[in-house]
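S.K.: Have a look at the structure that comes next, please.
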Amino acid sequence: MTKNNKKILIVLGSESDLNVTSNGLKELEHFAIPYTLRIASAHRSPEFLHGIISDFENQQGQIVICVAGKSAHLAGVVASLTCKPVLAVPVYSKETAGFDALLSMGQMPKGIPVATMGFGNSGFINACLLAAEILGLSCPKTKEALDPHRIDMASKVQQSDKQNCIEYNG
């Protein structure tokens with residue numbers, strides 16, 4: 001793989017995890033943050049995953065977001081291979097409601113930190129926004145883009161309140 005200066009690496013445990021990424025990817029694109037999305041399994045393709053993380057390190061990537069369900073060891077394995085921040089997004093499964101993934105990601109042994117988000121689409125959006133905030137610590141352009149984003153969200157809430165406020169004085 002050639003050097004491409006992608007700041008964020010997104011690793012999905014399987015193709016079925018793609019359905020949680022579209023809105024979060026739009027956030028990264030809104031902030032003009034370069035990313036690469038890959039699919040690799042900690043269990044089914046460990047050497048391939050190691051190669052992806054090695055490429056990420058060689059490209060001087062900055063943050064990894066891992067999206068996985070079932071017994072989601074992906075984020076922990078990735079965190080063991082890099083000292084860069086690893087953000088984990090558990091994916092809901094009908095068999096366990098996603099709690100096995102949440103616990104696998106959230107209960108890492110001391111010394112190998114993984115920041116675990118909420119489930120699915122909302123969790124992935126939050127992972128992308130947290131990644132933008134982390135990058136904003138050293139990139140003024142990204143930091144400056146975050147403030148209007150927050151103001152816009154607050155404005156939408158206030159507009160919704162204005163349109164839907166109900167007062168009952170009965």
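Order determines the names: the first chain of the structure tokens is A, the second B, and so forth; residues in each chain are numbered 1 upward, and ligands are numbered 1 upward as they are shown.
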Among chain A, which ones does DSSP place in strand (DSSP E), written as a list in words?
M.R.: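 Residues of chain A classed as strand (DSSP E): Ile8, Leu9, Ile10, Val11, Leu12, Tyr35, Thr36, Leu37, Arg38, Ile39, Ile63, Val64, Ile65, Cys66, Val67, Ala68, Gly69, Val86, Leu87, Ala88, Val89, Pro90, Val91, Ala115 and Thr116 of chain A.
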S.K.: Go ahead and dump the residues you just picked, C-alpha atoms, as a compact mmCIF listing (two decimals), in the first residue's frame.
M.R.:
```txt
# COMPACT_ATOMS: atom_id res chain seq x y z
CA ILE A 8 -8.02 7.60 10.50
CA LEU A 9 -8.15 3.89 9.87
CA ILE A 10 -11.56 2.27 10.21
CA VAL A 11 -11.50 -1.50 10.54
CA LEU A 12 -14.68 -3.52 10.32
CA TYR A 35 -9.72 7.99 6.28
CA THR A 36 -9.32 4.46 5.03
CA LEU A 37 -11.96 1.78 5.65
CA ARG A 38 -10.85 -1.86 5.70
CA ILE A 39 -12.43 -5.20 6.58
CA ILE A 63 -6.49 7.00 15.17
CA VAL A 64 -8.10 3.62 14.60
CA ILE A 65 -11.85 3.06 14.82
CA CYS A 66 -12.87 -0.60 15.11
CA VAL A 67 -16.44 -1.74 14.41
CA ALA A 68 -17.35 -5.31 15.30
CA GLY A 69 -20.02 -7.53 16.75
CA VAL A 86 -8.26 2.95 19.36
CA LEU A 87 -11.98 3.71 19.43
CA ALA A 88 -14.36 0.75 19.49
CA VAL A 89 -17.94 0.52 18.27
CA PRO A 90 -19.93 -2.58 19.28
CA VAL A 91 -22.51 -3.84 16.82
CA ALA A 115 -12.28 3.85 24.17
CA THR A 116 -15.65 2.17 23.73
```
S.K.: Got a sec: who's within 12 Å of Leu81 (chain A), counting only C-alpha atoms, leaving out chain neighbours fewer than 3 positions off, as a list of chain:residue names?
M.R.: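 The contact residues come out as A:Ala42, A:Pro46, A:Glu47, A:Leu49, A:His50, A:Gly51, A:Ile52, A:Ile53, A:Ser54, A:Asp55, A:Phe56, A:Glu57, A:Val64, A:Leu74, A:Ala75, A:Gly76, A:Val77, A:Val78, A:Lys84, A:Pro85, A:Val86, A:Ile112, A:Pro113.
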S.K.: Can you measure CA of Glu29 (chain A) to CA of Ala132 (chain A) for me? One decimal in Å is fine.
M.R.: 10.6 Å
S.K.: Using only C-alpha atoms, determine which residues lie at most 6 Å from region 98-105 of chain A, disregarding the query and same-chain residues fewer than 2 positions distant; provide the list as a PyMOL selection string.
M.R.: chain A and resi 69-72+90-93+96+107
S.K.: For CA of Ile125 (chain A) and CA of Gly24 (chain A), determine how far apart the two atoms are, in Å to one decimal place.
M.R.: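 If I compute the distance from CA of Ile125 (chain A) to CA of Gly24 (chain A), I get 4.2 Å.
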S.K.: Return the single residue from A:Ile166, A:Ile151, A:Met108, A:Val20 that is closest to Asn126 (chain A), with distances computed using only C-alpha atoms.
M.R.: A:Val20
S.K.: Could you give me, as a VMD selection string, each residue of region 40-159 of chain A that DSSP assigns to helix (DSSP H, G or I) when run on this structure's backbone?
M.R.: chain A and resid 46 to 58 74 to 81 99 to 106 120 to 136 140 to 159
